[in-house]
$ cat final04.cif   # mmCIF, C-alpha atoms (C1' of nucleotides)
data_my_file
#
loop_
_atom_site.label_atom_id
_atom_site.label_comp_id
_atom_site.auth_asym_id
_atom_site.auth_seq_id
_atom_site.Cartn_x
_atom_site.Cartn_y
_atom_site.Cartn_z
CA MET A 424 19.75 31.26 -13.22
CA SER A 425 17.91 34.17 -14.76
CA PRO A 426 19.90 37.26 -15.68
CA ARG A 427 17.18 39.40 -14.18
CA GLY A 428 15.36 37.59 -11.38
CA TYR A 429 11.71 36.93 -11.97
CA HIS A 430 10.75 37.04 -8.33
CA SER A 431 7.10 36.36 -8.14
CA GLU A 432 4.62 36.12 -5.33
CA LYS A 433 1.62 34.75 -7.14
CA ARG A 434 3.65 32.07 -8.86
CA GLN A 435 5.39 31.07 -5.67
CA THR A 436 2.18 30.72 -3.70
CA ALA A 437 0.54 28.86 -6.55
CA ALA A 438 3.43 26.40 -6.68
CA ASP A 439 3.33 26.02 -2.91
CA GLU A 440 -0.35 25.30 -3.14
CA THR A 441 0.04 22.49 -5.66
CA ARG A 442 2.92 21.13 -3.63
CA ARG A 443 0.74 21.12 -0.60
CA ARG A 444 -2.13 19.52 -2.47
CA ILE A 445 0.14 16.70 -3.59
CA LEU A 446 1.34 16.13 -0.03
CA GLU A 447 -2.19 16.03 1.30
CA THR A 448 -3.16 13.54 -1.37
CA ALA A 449 -0.18 11.34 -0.57
CA ARG A 450 -1.14 11.45 3.09
CA ARG A 451 -4.71 10.50 2.29
CA VAL A 452 -3.56 7.60 0.14
CA LEU A 453 -1.30 6.28 2.90
CA ALA A 454 -4.09 6.71 5.42
CA GLY A 455 -6.50 4.53 3.46
CA ARG A 456 -7.27 0.98 4.45
CA GLY A 457 -5.73 -1.98 2.77
CA VAL A 458 -2.31 -2.10 1.24
CA PRO A 459 -1.27 1.43 0.35
CA GLN A 460 -1.23 2.02 -3.40
CA LEU A 461 1.27 4.84 -3.18
CA THR A 462 2.35 5.26 -6.77
CA ILE A 463 3.29 8.54 -8.36
CA ASP A 464 0.62 7.91 -10.94
CA SER A 465 -2.23 7.52 -8.51
CA VAL A 466 -1.14 10.40 -6.29
CA ALA A 467 -0.83 12.69 -9.29
CA ALA A 468 -4.21 11.65 -10.62
CA GLN A 469 -5.96 12.13 -7.28
CA ALA A 470 -4.26 15.46 -6.76
CA ASP A 471 -5.42 16.56 -10.22
CA VAL A 472 -1.89 17.13 -11.31
CA SER A 473 0.31 15.67 -13.97
CA ARG A 474 2.93 13.12 -13.06
CA GLN A 475 5.63 15.47 -14.25
CA THR A 476 4.53 18.07 -11.73
CA VAL A 477 5.13 15.66 -8.88
CA TYR A 478 8.66 15.15 -10.10
CA ASN A 479 9.14 18.89 -10.49
CA ALA A 480 8.08 19.46 -6.92
CA PHE A 481 9.79 16.56 -5.14
CA GLY A 482 12.32 15.10 -7.53
CA SER A 483 11.51 11.50 -6.74
CA LYS A 484 9.34 9.23 -4.71
CA SER A 485 11.85 9.40 -1.88
CA GLY A 486 11.65 13.17 -1.99
CA LEU A 487 7.88 13.02 -1.74
CA LEU A 488 8.06 10.73 1.28
CA GLU A 489 10.65 12.90 3.01
CA ALA A 490 8.52 15.97 2.44
CA LEU A 491 5.55 14.06 3.78
CA CYS A 492 7.45 13.49 7.01
CA ASP A 493 7.81 17.22 7.52
CA HIS A 494 4.22 17.73 6.50
CA LEU A 495 3.10 15.32 9.20
CA ALA A 496 5.24 17.10 11.78
CA GLU A 497 3.33 20.30 11.10
CA ARG A 498 -0.04 18.61 11.12
CA GLY A 499 0.66 16.76 14.35
CA ARG A 500 1.87 19.89 16.11
CA ILE A 501 5.14 18.32 17.12
CA ASP A 502 6.10 21.78 18.38
CA ARG A 503 4.03 20.97 21.47
CA ILE A 504 7.10 19.35 22.98
CA ALA A 505 8.37 22.86 23.66
CA ALA A 506 6.10 23.04 26.71
CA ALA A 507 8.03 20.18 28.29
CA PHE A 508 11.19 22.25 28.45
CA THR A 509 9.59 25.09 30.38
CA ALA A 510 7.86 22.89 32.93
CA PRO A 511 9.04 23.54 36.49
CA ASP A 512 8.63 19.97 37.63
CA GLY A 513 10.55 16.95 36.33
CA THR A 514 7.60 14.61 36.40
CA ASP A 515 5.47 17.13 34.55
CA ALA A 516 8.20 17.62 32.02
CA ILE A 517 8.42 13.92 31.22
CA THR A 518 4.65 13.73 31.06
CA LEU A 519 4.39 16.66 28.70
CA PHE A 520 7.19 15.38 26.53
CA LEU A 521 5.74 11.92 26.14
CA THR A 522 2.16 13.06 25.63
CA ALA A 523 3.29 15.56 23.00
CA PHE A 524 4.77 12.72 21.01
CA TYR A 525 1.77 10.49 21.55
CA LYS A 526 -0.58 13.22 20.35
CA PHE A 527 1.66 13.82 17.39
CA TRP A 528 1.53 10.20 16.33
CA ALA A 529 -2.14 9.85 17.03
CA THR A 530 -2.80 12.51 14.41
CA ASP A 531 -1.64 10.32 11.53
CA ARG A 532 -1.11 6.93 13.03
CA THR A 533 -1.57 4.76 9.99
CA VAL A 534 0.42 7.08 7.77
CA THR A 535 3.28 7.17 10.24
CA ARG A 536 3.30 3.39 10.55
CA ARG A 537 3.51 2.95 6.81
CA LEU A 538 6.05 5.69 6.39
CA ARG A 539 8.29 3.92 8.89
CA GLY A 540 7.74 0.67 7.09
CA LEU A 541 8.68 2.24 3.79
CA ALA A 542 11.87 3.54 5.36
CA THR A 543 13.05 -0.06 5.27
CA LEU A 544 13.31 0.23 1.52
CA ASP A 545 14.38 3.83 1.20
CA LYS A 546 17.77 5.00 2.38
CA ASP A 547 16.92 8.69 2.34
CA LEU A 548 13.66 8.27 4.18
CA ASP A 549 15.41 6.04 6.68
CA ALA A 550 17.92 8.79 7.37
CA VAL A 551 15.12 11.29 7.99
CA ILE A 552 13.44 9.01 10.50
CA LYS A 553 16.68 8.12 12.23
CA ALA A 554 17.40 11.82 12.63
CA ARG A 555 13.98 12.32 14.14
CA ASN A 556 14.56 9.53 16.64
CA ALA A 557 17.90 11.02 17.53
CA ARG A 558 16.26 14.36 18.26
CA GLN A 559 13.80 12.68 20.56
CA ARG A 560 16.68 11.11 22.42
CA GLN A 561 18.33 14.52 22.76
CA GLY A 562 15.07 15.80 24.20
CA PHE A 563 15.02 13.10 26.83
CA ALA A 564 18.68 13.78 27.58
CA ALA A 565 17.99 17.48 28.04
CA LEU A 566 15.21 16.68 30.50
CA LEU A 567 17.49 14.38 32.48
CA ASP A 568 20.06 17.19 32.57
CA ARG A 569 17.57 19.75 33.76
CA PHE A 570 16.14 17.48 36.43
CA PRO A 571 18.99 15.37 37.80
CA ASP A 572 16.80 13.97 40.57
CA LEU A 573 14.42 12.47 38.05
CA ASP A 574 16.37 9.26 37.58
CA THR A 575 16.81 7.57 40.95
CA SER A 576 17.37 4.14 39.49
CA GLY A 577 21.15 4.31 39.66
CA ARG A 578 21.23 2.93 36.18
CA ASP A 579 23.68 3.92 33.53
CA ARG A 580 22.54 7.18 31.93
CA GLU A 581 22.63 5.80 28.41
CA GLN A 582 20.59 2.80 29.45
CA THR A 583 17.97 5.01 31.04
CA LEU A 584 17.84 6.94 27.79
CA ASP A 585 17.48 3.68 25.88
CA LEU A 586 14.48 2.77 28.00
CA LEU A 587 12.86 6.18 27.67
CA CYS A 588 13.33 6.12 23.91
CA ALA A 589 11.82 2.65 23.78
CA LEU A 590 8.77 3.79 25.71
CA GLY A 591 8.52 6.96 23.64
CA SER A 592 8.96 5.26 20.30
CA PHE A 593 6.24 5.20 17.71
CA GLU A 594 6.14 1.42 17.81
CA THR A 595 5.44 1.42 21.53
CA PHE A 596 2.81 4.10 21.00
CA ASP A 597 1.30 1.82 18.40
CA THR A 598 1.24 -1.32 20.54
CA LEU A 599 -0.08 0.67 23.50
CA ASP A 600 -2.86 1.88 21.24
CA GLY A 601 -2.05 5.48 22.05
CA GLN A 602 -2.54 5.20 25.79
CA ALA A 603 -0.16 7.99 26.74
CA ALA A 604 -0.96 7.72 30.45
CA LEU A 605 0.24 4.13 30.39
CA ALA A 606 3.53 5.08 28.82
CA VAL A 607 3.98 7.87 31.36
CA THR A 608 3.47 5.61 34.37
CA ALA A 609 5.80 3.06 32.85
CA ALA A 610 8.44 5.70 32.30
CA LEU A 611 8.13 6.96 35.86
CA ALA A 612 8.29 3.40 37.18
CA VAL A 613 11.45 2.81 35.21
CA LEU A 614 13.00 6.04 36.47
CA ARG A 615 12.17 5.41 40.11
CA GLN A 616 13.05 1.80 40.35
CA MET B 189 -3.63 -36.02 -8.29
CA SER B 190 -1.96 -39.11 -9.71
CA PRO B 191 -4.06 -42.22 -10.21
CA ARG B 192 -1.28 -44.24 -8.61
CA GLY B 193 0.70 -42.17 -6.11
CA TYR B 194 4.28 -41.53 -7.03
CA HIS B 195 5.45 -41.12 -3.46
CA SER B 196 9.09 -40.40 -3.58
CA GLU B 197 11.67 -39.85 -0.89
CA LYS B 198 14.62 -38.73 -2.95
CA ARG B 199 12.53 -36.24 -4.88
CA GLN B 200 10.93 -34.86 -1.77
CA THR B 201 14.20 -34.32 0.03
CA ALA B 202 15.75 -32.83 -3.08
CA ALA B 203 12.87 -30.38 -3.39
CA ASP B 204 13.11 -29.56 0.31
CA GLU B 205 16.79 -28.92 -0.13
CA THR B 206 16.33 -26.43 -2.97
CA ARG B 207 13.52 -24.80 -1.02
CA ARG B 208 15.81 -24.47 1.92
CA ARG B 209 18.61 -23.11 -0.23
CA ILE B 210 16.31 -20.43 -1.59
CA LEU B 211 15.23 -19.43 1.91
CA GLU B 212 18.81 -19.20 3.10
CA THR B 213 19.70 -17.06 0.12
CA ALA B 214 16.75 -14.76 0.76
CA ARG B 215 17.84 -14.46 4.37
CA ARG B 216 21.39 -13.64 3.34
CA VAL B 217 20.19 -11.00 0.90
CA LEU B 218 18.00 -9.39 3.53
CA ALA B 219 20.86 -9.49 6.02
CA GLY B 220 23.21 -7.56 3.75
CA ARG B 221 24.00 -3.92 4.31
CA GLY B 222 22.41 -1.18 2.32
CA VAL B 223 18.95 -1.21 0.90
CA PRO B 224 17.92 -4.82 0.44
CA GLN B 225 17.77 -5.85 -3.21
CA LEU B 226 15.28 -8.59 -2.58
CA THR B 227 14.06 -9.43 -6.05
CA ILE B 228 13.04 -12.88 -7.18
CA ASP B 229 15.60 -12.58 -9.93
CA SER B 230 18.56 -11.93 -7.66
CA VAL B 231 17.54 -14.51 -5.08
CA ALA B 232 17.09 -17.12 -7.76
CA ALA B 233 20.43 -16.31 -9.34
CA GLN B 234 22.29 -16.39 -6.03
CA ALA B 235 20.60 -19.63 -5.06
CA ASP B 236 21.62 -21.13 -8.40
CA VAL B 237 18.05 -21.80 -9.29
CA SER B 238 15.74 -20.65 -12.03
CA ARG B 239 13.16 -17.98 -11.34
CA GLN B 240 10.39 -20.43 -12.09
CA THR B 241 11.60 -22.72 -9.32
CA VAL B 242 11.12 -19.98 -6.77
CA TYR B 243 7.55 -19.55 -7.92
CA ASN B 244 7.03 -23.30 -7.85
CA ALA B 245 8.23 -23.48 -4.27
CA PHE B 246 6.60 -20.38 -2.79
CA GLY B 247 4.00 -19.19 -5.25
CA SER B 248 4.86 -15.54 -4.93
CA LYS B 249 7.12 -13.07 -3.26
CA SER B 250 4.70 -12.89 -0.35
CA GLY B 251 4.88 -16.65 -0.01
CA LEU B 252 8.64 -16.50 0.08
CA LEU B 253 8.58 -13.88 2.81
CA GLU B 254 6.06 -15.81 4.86
CA ALA B 255 8.14 -18.94 4.59
CA LEU B 256 11.17 -16.90 5.59
CA CYS B 257 9.38 -15.96 8.81
CA ASP B 258 9.03 -19.59 9.75
CA HIS B 259 12.58 -20.26 8.68
CA LEU B 260 13.79 -17.56 11.05
CA ALA B 261 11.73 -19.01 13.88
CA GLU B 262 13.62 -22.28 13.52
CA ARG B 263 16.99 -20.62 13.22
CA GLY B 264 16.40 -18.41 16.25
CA ARG B 265 15.25 -21.29 18.40
CA ILE B 266 12.02 -19.60 19.35
CA ASP B 267 11.12 -22.88 21.06
CA ARG B 268 13.30 -21.71 23.94
CA ILE B 269 10.27 -19.92 25.35
CA ALA B 270 9.03 -23.32 26.49
CA ALA B 271 11.40 -23.13 29.47
CA ALA B 272 9.52 -20.09 30.76
CA PHE B 273 6.37 -22.13 31.26
CA THR B 274 8.02 -24.72 33.46
CA ALA B 275 9.84 -22.25 35.68
CA PRO B 276 8.78 -22.48 39.33
CA ASP B 277 9.21 -18.77 40.01
CA GLY B 278 7.25 -15.92 38.41
CA THR B 279 10.20 -13.61 38.10
CA ASP B 280 12.27 -16.33 36.52
CA ALA B 281 9.45 -17.12 34.14
CA ILE B 282 9.21 -13.53 32.90
CA THR B 283 12.97 -13.37 32.61
CA LEU B 284 13.17 -16.58 30.62
CA PHE B 285 10.29 -15.56 28.39
CA LEU B 286 11.73 -12.17 27.55
CA THR B 287 15.28 -13.37 27.06
CA ALA B 288 14.09 -16.17 24.79
CA PHE B 289 12.52 -13.58 22.52
CA TYR B 290 15.54 -11.32 22.69
CA LYS B 291 17.86 -14.18 21.76
CA PHE B 292 15.51 -15.12 18.96
CA TRP B 293 15.62 -11.66 17.48
CA ALA B 294 19.32 -11.24 18.00
CA THR B 295 19.87 -14.20 15.69
CA ASP B 296 18.62 -12.35 12.62
CA ARG B 297 18.15 -8.81 13.72
CA THR B 298 18.50 -7.01 10.41
CA VAL B 299 16.44 -9.56 8.56
CA THR B 300 13.66 -9.35 11.10
CA ARG B 301 13.66 -5.57 10.98
CA ARG B 302 13.31 -5.56 7.22
CA LEU B 303 10.76 -8.31 7.22
CA ARG B 304 8.62 -6.27 9.58
CA GLY B 305 9.10 -3.24 7.41
CA LEU B 306 8.04 -5.16 4.34
CA ALA B 307 4.92 -6.29 6.16
CA THR B 308 3.69 -2.73 5.75
CA LEU B 309 3.31 -3.39 2.06
CA ASP B 310 2.23 -7.02 2.15
CA LYS B 311 -1.11 -8.04 3.55
CA ASP B 312 -0.25 -11.73 3.91
CA LEU B 313 3.08 -11.10 5.59
CA ASP B 314 1.40 -8.59 7.86
CA ALA B 315 -1.09 -11.25 8.94
CA VAL B 316 1.74 -13.66 9.77
CA ILE B 317 3.50 -11.11 11.93
CA LYS B 318 0.31 -10.02 13.66
CA ALA B 319 -0.40 -13.64 14.51
CA ARG B 320 3.08 -13.97 15.95
CA ASN B 321 2.59 -10.91 18.12
CA ALA B 322 -0.73 -12.29 19.29
CA ARG B 323 0.94 -15.51 20.35
CA GLN B 324 3.49 -13.57 22.36
CA ARG B 325 0.66 -11.79 24.11
CA GLN B 326 -0.97 -15.12 24.90
CA GLY B 327 2.34 -16.23 26.38
CA PHE B 328 2.47 -13.23 28.68
CA ALA B 329 -1.17 -13.81 29.62
CA ALA B 330 -0.44 -17.44 30.50
CA LEU B 331 2.40 -16.35 32.76
CA LEU B 332 0.16 -13.83 34.51
CA ASP B 333 -2.38 -16.59 35.01
CA ARG B 334 0.15 -19.00 36.42
CA PHE B 335 1.66 -16.42 38.76
CA PRO B 336 -1.14 -14.16 39.95
CA ASP B 337 1.13 -12.45 42.46
CA LEU B 338 3.41 -11.25 39.71
CA ASP B 339 1.45 -8.13 38.90
CA THR B 340 1.12 -6.03 42.05
CA SER B 341 0.50 -2.79 40.20
CA GLY B 342 -3.28 -2.94 40.53
CA ARG B 343 -3.47 -1.98 36.90
CA ASP B 344 -5.99 -3.30 34.46
CA ARG B 345 -4.89 -6.73 33.24
CA GLU B 346 -5.10 -5.78 29.56
CA GLN B 347 -3.03 -2.68 30.17
CA THR B 348 -0.37 -4.68 31.93
CA LEU B 349 -0.32 -7.00 28.95
CA ASP B 350 -0.03 -4.00 26.64
CA LEU B 351 3.04 -2.84 28.52
CA LEU B 352 4.65 -6.26 28.59
CA CYS B 353 4.05 -6.66 24.86
CA ALA B 354 5.55 -3.25 24.25
CA LEU B 355 8.67 -4.15 26.22
CA GLY B 356 8.85 -7.55 24.56
CA SER B 357 8.32 -6.26 21.04
CA PHE B 358 10.96 -6.51 18.38
CA GLU B 359 11.05 -2.77 18.02
CA THR B 360 11.88 -2.31 21.70
CA PHE B 361 14.49 -5.03 21.40
CA ASP B 362 15.91 -3.08 18.49
CA THR B 363 16.04 0.28 20.23
CA LEU B 364 17.45 -1.34 23.37
CA ASP B 365 20.16 -2.83 21.19
CA GLY B 366 19.36 -6.30 22.47
CA GLN B 367 19.98 -5.56 26.13
CA ALA B 368 17.64 -8.21 27.47
CA ALA B 369 18.55 -7.48 31.09
CA LEU B 370 17.34 -3.92 30.63
CA ALA B 371 14.00 -5.06 29.31
CA VAL B 372 13.64 -7.51 32.17
CA THR B 373 14.25 -4.91 34.87
CA ALA B 374 11.86 -2.55 33.12
CA ALA B 375 9.20 -5.24 32.97
CA LEU B 376 9.64 -6.05 36.64
CA ALA B 377 9.50 -2.37 37.54
CA VAL B 378 6.29 -2.02 35.61
CA LEU B 379 4.78 -5.06 37.31
CA ARG B 380 5.74 -4.01 40.81
CA GLN B 381 4.84 -0.38 40.64
"C1'" DC C 261 13.06 -51.82 -20.49
"C1'" DA C 262 9.25 -48.70 -21.38
"C1'" DT C 263 6.42 -45.40 -19.36
"C1'" DT C 264 4.78 -42.09 -16.20
"C1'" DT C 265 5.57 -38.42 -12.98
"C1'" DC C 266 7.67 -34.43 -10.92
"C1'" DG C 267 10.93 -30.90 -10.09
"C1'" DT C 268 13.39 -27.95 -12.80
"C1'" DT C 269 14.73 -25.01 -16.75
"C1'" DG C 270 14.61 -21.36 -20.28
"C1'" DG C 271 12.27 -18.19 -22.97
"C1'" DA C 272 8.56 -15.22 -23.88
"C1'" DC C 273 5.02 -12.14 -22.51
"C1'" DA C 274 1.79 -8.72 -20.25
"C1'" DG C 275 1.34 -5.39 -16.70
"C1'" DA C 276 2.82 -2.12 -13.21
"C1'" DC C 277 5.88 1.34 -11.81
"C1'" DC C 278 9.95 4.56 -11.73
"C1'" DG C 279 12.56 8.08 -13.75
"C1'" DT C 280 13.88 11.07 -17.73
"C1'" DA C 281 13.45 13.79 -21.94
"C1'" DC C 282 11.17 16.99 -24.76
"C1'" DA C 283 7.98 19.85 -27.07
"C1'" DT C 284 4.24 22.80 -25.73
"C1'" DC C 285 0.93 25.81 -23.47
"C1'" DC C 286 -0.37 29.55 -20.43
"C1'" DA C 287 -0.26 32.96 -17.02
"C1'" DA C 288 2.64 36.07 -14.54
"C1'" DT C 289 6.45 39.25 -14.89
"C1'" DT C 290 9.38 42.65 -17.03
"C1'" DA D 231 5.82 42.68 -26.77
"C1'" DA D 232 9.11 39.65 -25.03
"C1'" DT D 233 10.53 36.61 -21.39
"C1'" DT D 234 10.15 33.36 -17.76
"C1'" DG D 235 8.57 29.59 -14.89
"C1'" DG D 236 5.25 26.29 -13.68
"C1'" DA D 237 2.30 22.79 -15.54
"C1'" DT D 238 1.00 19.43 -19.22
"C1'" DG D 239 1.13 15.36 -22.40
"C1'" DT D 240 3.55 12.00 -24.66
"C1'" DA D 241 6.92 8.88 -25.32
"C1'" DC D 242 10.71 5.89 -24.02
"C1'" DG D 243 13.96 2.76 -21.39
"C1'" DG D 244 14.56 0.14 -17.45
"C1'" DT D 245 13.27 -2.94 -13.56
"C1'" DC D 246 10.47 -6.18 -11.38
"C1'" DT D 247 6.39 -9.18 -10.75
"C1'" DG D 248 3.62 -12.93 -12.13
"C1'" DT D 249 2.02 -16.30 -15.73
"C1'" DC D 250 2.27 -19.50 -19.60
"C1'" DC D 251 4.43 -23.12 -22.01
"C1'" DA D 252 7.52 -26.34 -24.24
"C1'" DA D 253 11.11 -29.18 -22.91
"C1'" DC D 254 14.66 -31.85 -20.22
"C1'" DG D 255 16.18 -35.33 -17.03
"C1'" DA D 256 16.12 -38.10 -13.12
"C1'" DA D 257 13.40 -40.86 -10.16
"C1'" DA D 258 9.59 -44.05 -9.68
"C1'" DT D 259 6.52 -47.57 -11.48
"C1'" DG D 260 4.96 -51.60 -14.06
#
$ encode --input "final04.cif" --output "structure tokens"
Amino acid sequence: MSPRGYHSEKRQTAADETRRRILETARRVLAGRGVPQLTIDSVAAQADVSRQTVYNAFGSKSGLLEALCDHLAERGRIDRIAAAFTAPDGTDAITLFLTAFYKFWATDRTVTRRLRGLATLDKDLDAVIKARNARQRQGFAALLDRFPDLDTSGRDREQTLDLLCALGSFETFDTLDGQAALAVTAALAVLRQ
Amino acid sequence: MSPRGYHSEKRQTAADETRRRILETARRVLAGRGVPQLTIDSVAAQADVSRQTVYNAFGSKSGLLEALCDHLAERGRIDRIAAAFTAPDGTDAITLFLTAFYKFWATDRTVTRRLRGLATLDKDLDAVIKARNARQRQGFAALLDRFPDLDTSGRDREQTLDLLCALGSFETFDTLDGQAALAVTAALAVLRQ
DNA sequence: CATTTCGTTGGACAGACCGTACATCCAATT
DNA sequence: AATTGGATGTACGGTCTGTCCAACGAAATG
């Protein structure tokens, strides 16, 4: 703590800029073909930054990956899901919700796949991704609340949510090759049956 | 190559036994809670074997993981899918096929999840898993061939296969918490709609 | 019995990577 | 002019992979 705060604008923005440059580099590295060579060394070098700077900005490799998750959320305009909650029609709402996620993942498909793979080895990153999945489930739940007539299957509510989350998961997006329309029809079939 | 073959039974079975012990240890390590500490060192130590022996048996860490995939296939009785191809009814066939996979994955759920995560970082392992997914798709395709009336959706055949693969994927199994019945009803809903 | 073979062992080594510490430089701030 | 904070460079310890090699011992062969 400084006795007299050195609040600075130029310094802050400069630091943010390097931080951002590092994140972009990490994203580019993970997006490349072949096995991702995501080492602090290579990211730092490609971002034209010293290794120490990466640690200053993110603390650790885990920290970098977590920050990258948020970075991807911005890039992929995950905020598009907001439109789903103002839709007047239930079917439209589900459609908007699912397609928002599919567009989001399509933005950085390879990076997302690898990030989720890396979460297997990283407790912190795993927590971030689990939280994200949980929020998606809450979104589906909110839509089911708003449109009670949407689910005419007579199934248990939690089970319906399980199915929707499965169809809306990144992995399903990935195996469906991004065909959002396919996921939407499947979801509607599951809800109606 | 030996000028005069030293074909041995005792040696062979002994080597197979240590190989098997290493695989079981690796499986146990990957099944443990927390971040998996799957290092050659720890596996070797827990299997009461020298590190060199692991390399003799599997060549590399990738080799060990690939072998573990096959090991899991045996343990999980993946051969149960055979029953699906002799079923007289299409619906039964799909049900048997899907539940065989779900039982398979339920056998070593955590291990499979981590193995698939590790495939992100390992080209060889990734190839093994991709091949396995492809075989599942061929299985679904064979069922659609045998029972042409099964798919009344009028959808493109490849798209129907995409959806079935998505529902039959390990990741969907994982998010559905192993509820095979749920996946089956979803698959049937998708086929009928 | 003598010899060959093979799986196994133990130690040593290079190379990659993570994370930390520290002394230093420079530009922005006061 | 003095201070502060971000960035740099270097160095070090630790972990893990993969390879090499000398050696041991039990099984197989003649």
$ atom_distance --input "final04.cif" --atom1 "atom CA of A:Ala437" --atom2 "atom CA of A:Val472"
12.9 Å
$ interface_residues --input "final04.cif" --of "chain A" --to "chain B" --cutoff "9 Å" --atoms "only C-alpha atoms" --output "PyMOL selection string"
chain A and resi 457-460+536-546+582-583+585-586+588-590+592+594-600+605-606+608-610+612-613+615-616
$ closest_residue --input "final04.cif" --among "A:Asp464, A:Asp572, A:Glu581, A:Glu447" --to "chain C" --atoms "all atoms listed in the file"
A:Asp464
$ interface_residues --input "final04.cif" --of "chain C" --to "chain B" --cutoff "9 Å" --atoms "all atoms listed in the file" --output "list in words"
DT265, DC266, DG267, DT268, DT269 and DG270 of chain C
$ resolve_selection --input "final04.cif" --expression "the PyMOL selection byres ((chain D and resi 246) around 10)" --output "PDB file with C-alpha atoms (C1' of nucleotides), in the coordinates of the input"
ATOM      1  CA  THR B 227      14.060  -9.430  -6.050  1.00  0.00           C
ATOM      2  CA  ILE B 228      13.040 -12.880  -7.180  1.00  0.00           C
ATOM      3  CA  ASP B 229      15.600 -12.580  -9.930  1.00  0.00           C
TER       4      ASP B 229
ATOM      5  C1'  DA C 276       2.820  -2.120 -13.210  1.00  0.00           C
ATOM      6  C1'  DC C 277       5.880   1.340 -11.810  1.00  0.00           C
TER       7       DC C 277
ATOM      8  C1'  DG D 244      14.560   0.140 -17.450  1.00  0.00           C
ATOM      9  C1'  DT D 245      13.270  -2.940 -13.560  1.00  0.00           C
ATOM     10  C1'  DT D 247       6.390  -9.180 -10.750  1.00  0.00           C
ATOM     11  C1'  DG D 248       3.620 -12.930 -12.130  1.00  0.00           C
TER      12       DG D 248
END
$ residues_near_point --input "final04.cif" --point "(0.1, -14.8, 7.1)" --cutoff "12 Å" --atoms "all atoms listed in the file" --output "PDB file with C-alpha atoms, in the coordinates of the input"
ATOM      1  CA  SER B 250       4.700 -12.890  -0.350  1.00  0.00           C
ATOM      2  CA  GLY B 251       4.880 -16.650  -0.010  1.00  0.00           C
ATOM      3  CA  LEU B 252       8.640 -16.500   0.080  1.00  0.00           C
ATOM      4  CA  LEU B 253       8.580 -13.880   2.810  1.00  0.00           C
ATOM      5  CA  GLU B 254       6.060 -15.810   4.860  1.00  0.00           C
ATOM      6  CA  ALA B 255       8.140 -18.940   4.590  1.00  0.00           C
ATOM      7  CA  LEU B 256      11.170 -16.900   5.590  1.00  0.00           C
ATOM      8  CA  CYS B 257       9.380 -15.960   8.810  1.00  0.00           C
ATOM      9  CA  ASP B 258       9.030 -19.590   9.750  1.00  0.00           C
ATOM     10  CA  ALA B 307       4.920  -6.290   6.160  1.00  0.00           C
ATOM     11  CA  ASP B 310       2.230  -7.020   2.150  1.00  0.00           C
ATOM     12  CA  LYS B 311      -1.110  -8.040   3.550  1.00  0.00           C
ATOM     13  CA  ASP B 312      -0.250 -11.730   3.910  1.00  0.00           C
ATOM     14  CA  LEU B 313       3.080 -11.100   5.590  1.00  0.00           C
ATOM     15  CA  ASP B 314       1.400  -8.590   7.860  1.00  0.00           C
ATOM     16  CA  ALA B 315      -1.090 -11.250   8.940  1.00  0.00           C
ATOM     17  CA  VAL B 316       1.740 -13.660   9.770  1.00  0.00           C
ATOM     18  CA  ILE B 317       3.500 -11.110  11.930  1.00  0.00           C
ATOM     19  CA  LYS B 318       0.310 -10.020  13.660  1.00  0.00           C
ATOM     20  CA  ALA B 319      -0.400 -13.640  14.510  1.00  0.00           C
ATOM     21  CA  ARG B 320       3.080 -13.970  15.950  1.00  0.00           C
ATOM     22  CA  ASN B 321       2.590 -10.910  18.120  1.00  0.00           C
TER      23      ASN B 321
END
$ atom_distance --input "final04.cif" --atom1 "atom C1' of D:DA241" --atom2 "atom C1' of C:DC273"
21.3 Å
$ interface_residues --input "final04.cif" --of "chain D" --to "chain A" --cutoff "9 Å" --atoms "all atoms listed in the file" --output "PyMOL selection string"
chain D and resi 234-239
$ atom_distance --input "final04.cif" --atom1 "atom C1' of D:DA252" --atom2 "atom CA of B:Gly247"
20.6 Å
$ closest_residue --input "final04.cif" --among "B:Arg221, B:Arg209, B:Arg334, B:His259" --to "B:Asp236" --atoms "all atoms listed in the file"
B:Arg209
$ residues_near_point --input "final04.cif" --point "(16.6, 7.6, -13.4)" --cutoff "12 Å" --atoms "only C-alpha atoms (C1' of nucleotides)" --output "list in words"
Tyr478, Gly482, Ser483 and Lys484 of chain A; DC278, DG279, DT280 and DA281 of chain C; DG243, DG244 and DT245 of chain D
$ closest_residue --input "final04.cif" --among "A:Asp574, A:Leu567, A:Ala557, A:Ala603" --to "A:Leu519" --atoms "only C-alpha atoms"
A:Ala603
$ resolve_selection --input "final04.cif" --expression "the PyMOL selection byres ((chain B and resi 290-294) around 9)" --output "number ranges by chain"
B: 260-261, 263-266, 268, 285-289, 295-298, 300, 356-358, 361-362, 366-368
